[in-house]
Amino acid sequence: MRYTASPEVFSSFHITVCLYLSTPGKKMAYQKVSADQRESGHSQYLDNDDLQATALDLEWDMEKELEEPGFDQFQLDSSENENRGHPESVDLNLDSIQPATSPKGRFQRLQEESDYVSHYTRSVPKSNSYNFCRLLKILCTAAILFILGILIGYYAHTSCPSHATSSGTIDPQLYQEILKTIQAEDIKKSFRNLVELYKSEDDMEISKAIKTHWTAVGLEDVQFVNYSVLLNLPGPWPSTVTLSSSGQCFHPNGQPCSERARKDSSQDLLYSYAAYSAKGTLEAEVIDVSYGTADDLKRIEKMKNITNHIALLKLGKLPLIYKISLLEEAGFGGVLLYIDPCDLPKTVNSNYDTFMVTLNPGGDPSTPGYPSVDGSFRQNRSNLTSLLVQPISASLVAKLISLPTAGTKSDICSPLELPHNEIRIVSMKIQTVTKFQTVTNVVGYVKGLASPDRYIIVGSHHHAIYSYNGQEWASSTAIITAFIRALMLRVKRGWRPDRTIVFCAWGGTTLGNIGSYEWGEDFKKILQKNVVAYVSLHSPIRGNSSLHPVASPSLQQLAVEKNKFNCARRTRCPETNVSSVQIQGDADYFINHLGVPTVQFTYEDISALEGPSFLSEAAFLQHVMKIEEIDPFFNLHETITKLSGEMILQIANEPVLPFNALDIALEVQNSLKGDRLSAHHLLAAASHLRESAELFQSDEMRPANDPKERALDRVRMLNDILQDMEKNFLVRQVPPGFYRNILYHMDEKTSQFSVLMEAWEHCNSHASNETLQGVLSEVLNSINSAQVYFKAGLEVFENALVAKN
């Protein structure tokens, strides 16, 4: 039977025996085994031969007691707990811990010391009978106290929670034990509870419900972080589009303007708008600009005057705010925005669906670049563009171009297009209101044990105004809740991750990732230094046919490994590619302003992946997507939870961060392949970067990942380098809607640096190549910065090694 007790129990037993020996006249008997007294050698009590013999016999018997089976383990366990729980007091207990670590150590050391021989020569006792009886009493008392101490320690250990422990090593079995408690049925129940909150439009009420959910499953510290921000909301009346030739008035969904139509779908009509658009009335000719690329505008400008006209614009292919900036620069006065049915999967019929978009690049528009806290200066920015922008349905576009129906004929889809030889003049009227309103973030965390100042952030959005994007927020929140439940079951058993895991439900995402931006700006200095990775759970279930992982270059290899492991557990699993492309959601701030490695797993429809990118910028109303129709048994939810969960656990718990330095260098080289802009100096810089990354990977990361070669004092230095690698690729200026982190591509169809591609198009449409030269310099500086960064990291380790030697 194995007993476990705290070091305090053994220590108290040790002291009790000493007190027993301190009888009148022989008060210092115990001091004959004290190092201090051995050195001084001036105590009068040391000359008493009886005491010397008695104490040595006791010492020998106690050493035999310490050699009993299981004692080493008993004391080792308790010492580990003591060290983890009270690191500042480790040195104070060394005397009580030492016998357990080396049971024979004290006696052997006494024999080996010459000082011991000269001062403690053992003589024959004067009275063997007396000494034997006395020794027997001492041994009986010691045995009783020893047993009593064991019993007290055992019951104290079972009644009190043990100190938290960390694996300290890579333990896939531990991760699987945590993840196996995640069940699809539990996610489904949590999802349905959250869906009930659709009835409420109060952001704080929903935030309180999420906090209650997280607290109920064991999360220790859940807080609200509120910001008062400037929101652009629909006006009291829906927007309208009127054909000047016939005087017909239409709502954004294509229905004729009437009191009945307004009453039947008043909310849908009100919430079909572009947040932070200009407001007012504009009557002008409509010009079809297709997707609004630089080539489209160049072609149209050659054909006709476009000043103060209305652009008929398709959503997709490029970021919306970038295309709006091009139209504004070209001189347009308004925009009618729509989604071409041919760009959507055949199973989706959105001809009459209304949607909203935001023109906000991120955060509170009234405090650009700084947090919306009390006392902050508020700028007057009710609109972020001079254009009147109105989203409309495909059915309304069909009416504008005089088509009988919008959509498909048989199996062939004909894209919507305004005839070039026809003129359409319309009047558009937009009414919106701006007001300050509180946005709430829900933030909770599990504190790490070994490195509590290093954070892995797990984020998703919660309820948006009028439940945009249907039940997606409830889906992602249910997934986070399921992982928290599984994690806390293990934490309650005494385990903790090495690094702190922060769980966030962001507010104001639909209107421009406002909650996450404000929180990031508020704690920017801390986050720049301490955030290790961001795991995004933004709208994880968008289809059911294909798993679509997106990851930073440094995390791509880990994402592939997790996906392969997941496939090994299933009979059917199609091959998926992990790419670094721009994604929607609150990861934006962490990627673009902090350079944090990011990963996201989602389920999509294959046809949606094959269509134009950036269609997800449209936020449809709640009736469009039914999560339970896409994933009726919530098996996809369970898969996403386990994939994301394993990524979180591995990043949070492995001694060396599982980031790949070489993959960054390879991504840079691939981004320059076949690029007509790849000058010789860019290719040379990329080659030097790869050489440095390879050297760093082999000389530093390989030994650190091998427990036999790992030097703990170097691991922290290595992790600091790994977590900051991608910060070198943050450029200062990019076109609106483009990522400042140039490692991310515009979409999966392009592999070149997005900023270089845009600069080339800009150069073709303008006489000057000044913009192109500036972007080339930015890219070159980023590559050189990364190369110097790896080289400096190697030098730091070399200097540390020299200093140690």
# chains A, B, ... in the order shown; residues from 1 in each chain; ligands from 1
>>> residues_around(residues="stretch 724-741 of chain A", least_positions_apart="4", cutoff="6 Å", atoms="only C-alpha atoms", output="list in words")
Pro319, Ile321, Tyr322, Asn592, Gly595, Ser782, Ser785 and Ala786 of chain A
>>> residues_around(residues="A:Ser244", least_positions_apart="3", cutoff="9 Å", atoms="only C-alpha atoms", output="mmCIF file with N, CA, C and O atoms, in the first residue's frame")
data_model
loop_
_atom_site.group_PDB
_atom_site.id
_atom_site.type_symbol
_atom_site.label_atom_id
_atom_site.label_comp_id
_atom_site.auth_asym_id
_atom_site.auth_seq_id
_atom_site.Cartn_x
_atom_site.Cartn_y
_atom_site.Cartn_z
ATOM 1 N N GLY A 247 -40.972 55.184 -62.925
ATOM 2 C CA GLY A 247 -41.399 55.631 -61.605
ATOM 3 C C GLY A 247 -41.647 54.496 -60.640
ATOM 4 O O GLY A 247 -42.126 54.725 -59.523
ATOM 5 N N GLN A 248 -41.304 53.274 -61.023
ATOM 6 C CA GLN A 248 -41.491 52.137 -60.129
ATOM 7 C C GLN A 248 -40.486 52.193 -58.980
ATOM 8 O O GLN A 248 -39.295 52.413 -59.187
ATOM 9 N N GLU A 283 -29.705 60.465 -57.792
ATOM 10 C CA GLU A 283 -30.313 60.022 -59.042
ATOM 11 C C GLU A 283 -29.263 60.130 -60.139
ATOM 12 O O GLU A 283 -28.719 61.204 -60.389
ATOM 13 N N ARG A 424 -29.875 53.085 -68.007
ATOM 14 C CA ARG A 424 -30.785 52.944 -66.872
ATOM 15 C C ARG A 424 -30.472 54.055 -65.876
ATOM 16 O O ARG A 424 -29.346 54.173 -65.393
ATOM 17 N N ILE A 425 -31.473 54.857 -65.607
ATOM 18 C CA ILE A 425 -31.328 55.920 -64.609
ATOM 19 C C ILE A 425 -32.219 55.570 -63.419
ATOM 20 O O ILE A 425 -33.410 55.290 -63.587
ATOM 21 N N VAL A 426 -31.623 55.560 -62.248
ATOM 22 C CA VAL A 426 -32.371 55.226 -61.037
ATOM 23 C C VAL A 426 -32.114 56.277 -59.972
ATOM 24 O O VAL A 426 -31.121 57.032 -60.030
ATOM 25 N N SER A 427 -33.002 56.276 -59.015
ATOM 26 C CA SER A 427 -32.835 57.138 -57.838
ATOM 27 C C SER A 427 -32.729 56.228 -56.605
ATOM 28 O O SER A 427 -33.618 55.394 -56.383
#
>>> closest_residue(among="A:Ala618, A:Leu282, A:Met717, A:Ala792", to="A:Thr358", atoms="only C-alpha atoms")
A:Ala618
>>> residues_around(residues="A:Ala533", least_positions_apart="5", cutoff="9 Å", atoms="only C-alpha atoms", output="PyMOL selection string")
chain A and resi 455-458+590+596-599+648+651+723
>>> write_last_selection(atoms="all heavy atoms", output="mmCIF file, in the first residue's frame")
data_model
loop_
_atom_site.group_PDB
_atom_site.id
_atom_site.type_symbol
_atom_site.label_atom_id
_atom_site.label_comp_id
_atom_site.auth_asym_id
_atom_site.auth_seq_id
_atom_site.Cartn_x
_atom_site.Cartn_y
_atom_site.Cartn_z
ATOM 1 N N TYR A 455 0.068 33.483 -23.825
ATOM 2 C CA TYR A 455 -1.363 33.277 -24.037
ATOM 3 C C TYR A 455 -1.656 32.621 -25.383
ATOM 4 O O TYR A 455 -1.105 33.014 -26.410
ATOM 5 C CB TYR A 455 -2.121 34.606 -23.986
ATOM 6 C CG TYR A 455 -1.765 35.504 -22.819
ATOM 7 C CD1 TYR A 455 -1.636 36.883 -23.001
ATOM 8 C CD2 TYR A 455 -1.547 34.986 -21.548
ATOM 9 C CE1 TYR A 455 -1.313 37.716 -21.943
ATOM 10 C CE2 TYR A 455 -1.223 35.812 -20.489
ATOM 11 C CZ TYR A 455 -1.107 37.172 -20.691
ATOM 12 O OH TYR A 455 -0.775 37.994 -19.643
ATOM 13 N N ILE A 456 -2.550 31.653 -25.368
ATOM 14 C CA ILE A 456 -3.176 31.141 -26.581
ATOM 15 C C ILE A 456 -4.619 31.640 -26.548
ATOM 16 O O ILE A 456 -5.372 31.325 -25.614
ATOM 17 C CB ILE A 456 -3.144 29.598 -26.651
ATOM 18 C CG1 ILE A 456 -1.714 29.105 -26.832
ATOM 19 C CG2 ILE A 456 -3.995 29.094 -27.808
ATOM 20 C CD1 ILE A 456 -0.963 28.941 -25.548
ATOM 21 N N ILE A 457 -5.000 32.431 -27.532
ATOM 22 C CA ILE A 457 -6.337 33.027 -27.547
ATOM 23 C C ILE A 457 -7.243 32.208 -28.466
ATOM 24 O O ILE A 457 -6.891 31.922 -29.610
ATOM 25 C CB ILE A 457 -6.285 34.494 -28.000
ATOM 26 C CG1 ILE A 457 -5.422 35.304 -27.020
ATOM 27 C CG2 ILE A 457 -7.687 35.085 -28.103
ATOM 28 C CD1 ILE A 457 -5.306 36.770 -27.370
ATOM 29 N N VAL A 458 -8.399 31.829 -27.946
ATOM 30 C CA VAL A 458 -9.409 31.086 -28.692
ATOM 31 C C VAL A 458 -10.619 32.005 -28.821
ATOM 32 O O VAL A 458 -11.204 32.403 -27.815
ATOM 33 C CB VAL A 458 -9.799 29.780 -27.977
ATOM 34 C CG1 VAL A 458 -10.761 28.972 -28.828
ATOM 35 C CG2 VAL A 458 -8.558 28.968 -27.638
ATOM 36 N N PHE A 590 -5.347 40.246 -34.782
ATOM 37 C CA PHE A 590 -4.196 39.492 -34.294
ATOM 38 C C PHE A 590 -3.233 39.151 -35.436
ATOM 39 O O PHE A 590 -2.023 39.094 -35.233
ATOM 40 C CB PHE A 590 -4.685 38.231 -33.587
ATOM 41 C CG PHE A 590 -5.568 38.529 -32.412
ATOM 42 C CD1 PHE A 590 -6.942 38.617 -32.554
ATOM 43 C CD2 PHE A 590 -5.016 38.769 -31.169
ATOM 44 C CE1 PHE A 590 -7.758 38.924 -31.480
ATOM 45 C CE2 PHE A 590 -5.819 39.083 -30.083
ATOM 46 C CZ PHE A 590 -7.196 39.164 -30.242
ATOM 47 N N VAL A 596 0.430 37.541 -35.080
ATOM 48 C CA VAL A 596 0.286 36.318 -34.286
ATOM 49 C C VAL A 596 -0.027 35.135 -35.205
ATOM 50 O O VAL A 596 -0.940 35.230 -36.032
ATOM 51 C CB VAL A 596 -0.833 36.485 -33.238
ATOM 52 C CG1 VAL A 596 -1.110 35.169 -32.524
ATOM 53 C CG2 VAL A 596 -0.457 37.574 -32.242
ATOM 54 N N PRO A 597 0.675 34.015 -35.086
ATOM 55 C CA PRO A 597 0.314 32.810 -35.859
ATOM 56 C C PRO A 597 -1.122 32.395 -35.563
ATOM 57 O O PRO A 597 -1.545 32.366 -34.406
ATOM 58 C CB PRO A 597 1.313 31.764 -35.354
ATOM 59 C CG PRO A 597 2.483 32.551 -34.869
ATOM 60 C CD PRO A 597 1.909 33.808 -34.295
ATOM 61 N N THR A 598 -1.863 32.066 -36.622
ATOM 62 C CA THR A 598 -3.302 31.822 -36.507
ATOM 63 C C THR A 598 -3.686 30.556 -37.249
ATOM 64 O O THR A 598 -3.079 30.202 -38.256
ATOM 65 C CB THR A 598 -4.077 33.022 -37.082
ATOM 66 O OG1 THR A 598 -3.707 34.213 -36.372
ATOM 67 C CG2 THR A 598 -5.580 32.826 -36.953
ATOM 68 N N VAL A 599 -4.724 29.879 -36.731
ATOM 69 C CA VAL A 599 -5.249 28.691 -37.389
ATOM 70 C C VAL A 599 -6.769 28.686 -37.277
ATOM 71 O O VAL A 599 -7.324 29.184 -36.296
ATOM 72 C CB VAL A 599 -4.648 27.396 -36.785
ATOM 73 C CG1 VAL A 599 -5.058 27.231 -35.324
ATOM 74 C CG2 VAL A 599 -5.040 26.181 -37.597
ATOM 75 N N ILE A 648 -4.989 23.580 -29.852
ATOM 76 C CA ILE A 648 -4.872 24.428 -28.661
ATOM 77 C C ILE A 648 -4.005 23.743 -27.606
ATOM 78 O O ILE A 648 -3.093 24.353 -27.029
ATOM 79 C CB ILE A 648 -6.270 24.737 -28.085
ATOM 80 C CG1 ILE A 648 -7.088 25.562 -29.082
ATOM 81 C CG2 ILE A 648 -6.157 25.476 -26.759
ATOM 82 C CD1 ILE A 648 -8.568 25.623 -28.756
ATOM 83 N N ILE A 651 -0.227 23.569 -28.653
ATOM 84 C CA ILE A 651 0.447 24.869 -28.577
ATOM 85 C C ILE A 651 0.599 25.300 -27.122
ATOM 86 O O ILE A 651 1.613 25.887 -26.727
ATOM 87 C CB ILE A 651 -0.324 25.930 -29.380
ATOM 88 C CG1 ILE A 651 -0.358 25.550 -30.861
ATOM 89 C CG2 ILE A 651 0.312 27.302 -29.214
ATOM 90 C CD1 ILE A 651 -1.270 26.428 -31.702
ATOM 91 N N GLN A 723 7.682 32.694 -31.487
ATOM 92 C CA GLN A 723 6.383 33.356 -31.456
ATOM 93 C C GLN A 723 6.396 34.710 -32.164
ATOM 94 O O GLN A 723 5.329 35.221 -32.533
ATOM 95 C CB GLN A 723 5.906 33.532 -30.017
ATOM 96 C CG GLN A 723 6.547 34.662 -29.249
ATOM 97 C CD GLN A 723 5.956 34.820 -27.859
ATOM 98 O OE1 GLN A 723 5.783 33.852 -27.134
ATOM 99 N NE2 GLN A 723 5.654 36.043 -27.477
#
>>> select_by_dssp(residues="stretch 569-770 of chain A", states="strand (DSSP E)", output="short mmCIF file (atom, residue, chain, number, x, y, z; two decimals) with all heavy atoms, in the first residue's frame")
data_model
loop_
_atom_site.label_atom_id
_atom_site.label_comp_id
_atom_site.auth_asym_id
_atom_site.auth_seq_id
_atom_site.Cartn_x
_atom_site.Cartn_y
_atom_site.Cartn_z
N THR A 598 -1.86 32.07 -36.62
CA THR A 598 -3.30 31.82 -36.51
C THR A 598 -3.69 30.56 -37.25
O THR A 598 -3.08 30.20 -38.26
CB THR A 598 -4.08 33.02 -37.08
OG1 THR A 598 -3.71 34.21 -36.37
CG2 THR A 598 -5.58 32.83 -36.95
N VAL A 599 -4.72 29.88 -36.73
CA VAL A 599 -5.25 28.69 -37.39
C VAL A 599 -6.77 28.69 -37.28
O VAL A 599 -7.32 29.18 -36.30
CB VAL A 599 -4.65 27.40 -36.79
CG1 VAL A 599 -5.06 27.23 -35.32
CG2 VAL A 599 -5.04 26.18 -37.60
N GLN A 600 -7.43 28.13 -38.30
CA GLN A 600 -8.89 28.05 -38.31
C GLN A 600 -9.32 26.82 -39.11
O GLN A 600 -8.83 26.59 -40.21
CB GLN A 600 -9.50 29.31 -38.93
CG GLN A 600 -11.00 29.26 -39.14
CD GLN A 600 -11.54 30.50 -39.80
OE1 GLN A 600 -11.81 31.50 -39.13
NE2 GLN A 600 -11.69 30.49 -41.11
N PHE A 601 -10.23 26.04 -38.55
CA PHE A 601 -10.83 24.90 -39.25
C PHE A 601 -12.30 25.21 -39.49
O PHE A 601 -13.02 25.59 -38.57
CB PHE A 601 -10.72 23.62 -38.42
CG PHE A 601 -9.33 23.09 -38.27
CD1 PHE A 601 -8.58 23.37 -37.13
CD2 PHE A 601 -8.75 22.32 -39.26
CE1 PHE A 601 -7.29 22.88 -36.98
CE2 PHE A 601 -7.46 21.83 -39.13
CZ PHE A 601 -6.73 22.11 -37.98
N THR A 602 -12.76 25.03 -40.74
CA THR A 602 -14.17 25.22 -41.07
C THR A 602 -14.61 24.12 -42.02
O THR A 602 -13.79 23.53 -42.74
CB THR A 602 -14.44 26.59 -41.72
OG1 THR A 602 -13.66 26.68 -42.93
CG2 THR A 602 -14.07 27.73 -40.80
N TYR A 603 -15.91 23.87 -42.03
CA TYR A 603 -16.51 23.01 -43.05
C TYR A 603 -17.22 23.89 -44.07
O TYR A 603 -17.98 24.79 -43.71
CB TYR A 603 -17.50 22.02 -42.43
CG TYR A 603 -16.86 20.71 -42.06
CD1 TYR A 603 -16.48 20.45 -40.74
CD2 TYR A 603 -16.61 19.73 -43.02
CE1 TYR A 603 -15.88 19.24 -40.40
CE2 TYR A 603 -16.01 18.52 -42.68
CZ TYR A 603 -15.64 18.29 -41.37
OH TYR A 603 -15.04 17.10 -41.04
N GLU A 604 -16.94 23.63 -45.35
CA GLU A 604 -17.50 24.42 -46.44
C GLU A 604 -18.11 23.48 -47.48
O GLU A 604 -17.86 22.27 -47.47
CB GLU A 604 -16.40 25.26 -47.11
CG GLU A 604 -15.63 26.16 -46.17
CD GLU A 604 -16.03 27.60 -46.32
OE1 GLU A 604 -17.08 27.86 -46.93
OE2 GLU A 604 -15.28 28.46 -45.83
N ALA A 619 -23.44 39.40 -44.95
CA ALA A 619 -24.06 38.84 -43.75
C ALA A 619 -25.56 38.71 -44.01
O ALA A 619 -26.27 39.71 -44.09
CB ALA A 619 -23.80 39.74 -42.54
N PHE A 620 -26.00 37.46 -44.17
CA PHE A 620 -27.41 37.23 -44.44
C PHE A 620 -28.19 37.18 -43.13
O PHE A 620 -27.63 36.98 -42.05
CB PHE A 620 -27.60 35.91 -45.20
CG PHE A 620 -27.13 35.98 -46.62
CD1 PHE A 620 -25.85 35.57 -46.96
CD2 PHE A 620 -27.95 36.46 -47.63
CE1 PHE A 620 -25.40 35.62 -48.26
CE2 PHE A 620 -27.52 36.53 -48.93
CZ PHE A 620 -26.24 36.11 -49.25
#
>>> atom_distance(atom1="atom CA of A:Asp631", atom2="atom CA of A:Cys342")
24.9 Å
>>> atom_distance(atom1="atom CA of A:Gln255", atom2="atom CA of A:Met356")
17.1 Å
>>> residues_around(residues="A:Val491", least_positions_apart="3", cutoff="10 Å", atoms="only C-alpha atoms", output="short mmCIF file (atom, residue, chain, number, x, y, z; two decimals) with N, CA and C atoms, in the first residue's frame")
data_model
loop_
_atom_site.label_atom_id
_atom_site.label_comp_id
_atom_site.auth_asym_id
_atom_site.auth_seq_id
_atom_site.Cartn_x
_atom_site.Cartn_y
_atom_site.Cartn_z
N ALA A 164 -1.64 21.65 -8.70
CA ALA A 164 -1.74 21.42 -10.14
C ALA A 164 -0.41 20.96 -10.69
N THR A 165 -0.48 20.03 -11.62
CA THR A 165 0.73 19.53 -12.26
C THR A 165 0.62 19.72 -13.76
N SER A 166 1.75 19.76 -14.39
CA SER A 166 1.80 19.86 -15.84
C SER A 166 2.62 18.70 -16.37
N ILE A 178 -8.42 14.07 -22.85
CA ILE A 178 -9.22 15.29 -22.70
C ILE A 178 -10.28 15.38 -23.80
N GLY A 218 -17.26 25.10 -15.61
CA GLY A 218 -16.06 25.10 -14.79
C GLY A 218 -15.02 26.15 -15.05
N LEU A 219 -15.21 27.02 -16.04
CA LEU A 219 -14.20 28.04 -16.31
C LEU A 219 -14.06 28.96 -15.10
N VAL A 446 -7.95 29.98 -18.54
CA VAL A 446 -7.37 28.95 -17.69
C VAL A 446 -5.89 29.29 -17.55
N ARG A 485 -15.55 22.65 -21.38
CA ARG A 485 -16.04 21.59 -20.50
C ARG A 485 -15.03 20.44 -20.41
N ALA A 486 -14.52 20.00 -21.55
CA ALA A 486 -13.56 18.89 -21.56
C ALA A 486 -12.26 19.29 -20.86
N LEU A 487 -11.80 20.51 -21.09
CA LEU A 487 -10.55 20.97 -20.50
C LEU A 487 -10.67 21.07 -18.98
N MET A 488 -11.77 21.63 -18.51
CA MET A 488 -11.92 21.85 -17.07
C MET A 488 -12.11 20.55 -16.30
N GLY A 494 -6.32 18.14 -11.27
CA GLY A 494 -4.98 18.55 -10.87
C GLY A 494 -4.02 18.88 -11.97
N TRP A 495 -4.46 18.80 -13.23
CA TRP A 495 -3.56 19.12 -14.34
C TRP A 495 -3.82 20.53 -14.84
N ARG A 496 -2.78 21.16 -15.36
CA ARG A 496 -2.94 22.46 -16.01
C ARG A 496 -2.03 22.54 -17.23
N PRO A 497 -2.43 23.32 -18.24
CA PRO A 497 -1.52 23.54 -19.37
C PRO A 497 -0.35 24.39 -18.94
#
>>> residues_around(residues="A:Asp605", least_positions_apart="5", cutoff="8 Å", atoms="only C-alpha atoms", output="PyMOL selection string")
chain A and resi 345+542-546
>>> write_last_selection(atoms="N, CA and C atoms", output="short mmCIF file (atom, residue, chain, number, x, y, z; two decimals), in the first residue's frame")
data_model
loop_
_atom_site.label_atom_id
_atom_site.label_comp_id
_atom_site.auth_asym_id
_atom_site.auth_seq_id
_atom_site.Cartn_x
_atom_site.Cartn_y
_atom_site.Cartn_z
N PRO A 345 -23.37 28.29 -54.85
CA PRO A 345 -23.68 26.87 -55.12
C PRO A 345 -25.09 26.72 -55.67
N ARG A 542 -20.11 26.09 -42.39
CA ARG A 542 -20.68 26.84 -43.51
C ARG A 542 -21.16 25.91 -44.61
N GLY A 543 -20.88 24.66 -44.48
CA GLY A 543 -21.28 23.62 -45.43
C GLY A 543 -20.99 22.28 -44.79
N ASN A 544 -21.12 21.21 -45.57
CA ASN A 544 -20.88 19.89 -44.99
C ASN A 544 -20.10 18.95 -45.91
N SER A 545 -19.46 19.48 -46.93
CA SER A 545 -18.81 18.59 -47.89
C SER A 545 -17.29 18.60 -47.81
N SER A 546 -16.67 19.64 -47.26
CA SER A 546 -15.22 19.73 -47.32
C SER A 546 -14.67 20.46 -46.10
#
>>> residues_around(residues="A:Met746", least_positions_apart="6", cutoff="10 Å", atoms="only C-alpha atoms", output="JSON, numbers by chain")
{"A": [317, 318, 319, 580, 581, 582, 583, 613, 614, 737, 738, 739, 752, 753, 754, 755, 757]}
>>> write_last_selection(atoms="C-alpha atoms", output="JSON list (two decimals), in the first residue's frame")
[["chain", "number", "residue", "atom", "x", "y", "z"],
["A", 317, "LYS", "CA", -12.99, 38.35, -55.91],
["A", 318, "LEU", "CA", -11.51, 41.27, -53.97],
["A", 319, "PRO", "CA", -12.20, 42.89, -50.57],
["A", 580, "SER", "CA", -2.57, 30.95, -45.74],
["A", 581, "VAL", "CA", -5.37, 33.11, -47.14],
["A", 582, "GLN", "CA", -7.33, 36.06, -45.86],
["A", 583, "ILE", "CA", -10.24, 35.03, -43.64],
["A", 613, "SER", "CA", -13.56, 34.67, -52.79],
["A", 614, "PHE", "CA", -14.91, 37.27, -50.36],
["A", 737, "GLY", "CA", -9.01, 45.42, -47.17],
["A", 738, "PHE", "CA", -5.59, 43.86, -47.79],
["A", 739, "TYR", "CA", -3.73, 42.12, -44.98],
["A", 752, "GLN", "CA", 1.97, 35.67, -55.22],
["A", 753, "PHE", "CA", 2.21, 38.42, -52.65],
["A", 754, "SER", "CA", -1.12, 40.24, -52.77],
["A", 755, "VAL", "CA", 0.40, 43.68, -52.30],
["A", 757, "MET", "CA", -0.09, 42.04, -57.52]]
>>> residues_around(residues="A:Gly254", least_positions_apart="6", cutoff="8 Å", atoms="only C-alpha atoms", output="list in words")
Tyr352, Ile392, Ser393, Ser395, Leu396 and Lys399 of chain A
>>> atom_distance(atom1="atom CA of A:Ile423", atom2="atom CA of A:Leu388")
20.0 Å
>>> closest_residue(among="A:Ala587, A:Ile640, A:Glu561, A:Asp364", to="A:Ser476", atoms="only C-alpha atoms")
A:Ile640
>>> closest_residue(among="A:Asn784, A:Phe332, A:Ser228, A:Arg716", to="A:Arg378", atoms="only C-alpha atoms")
A:Ser228
>>> closest_residue(among="A:Tyr534, A:Phe696, A:Phe355, A:Tyr276", to="A:Leu233", atoms="only C-alpha atoms")
A:Tyr276
>>> closest_residue(among="A:Ile150, A:Val532, A:Ile606, A:Val389", to="A:Lys429", atoms="only C-alpha atoms")
A:Val389
>>> select_by_dssp(residues="stretch 202-243 of chain A", states="helix (DSSP H, G or I)", output="ChimeraX atom specification")
/A:203-216
>>> closest_residue(among="A:Ser258, A:Ala278, A:Leu756, A:Gln431", to="A:Ser382", atoms="only C-alpha atoms")
A:Ala278
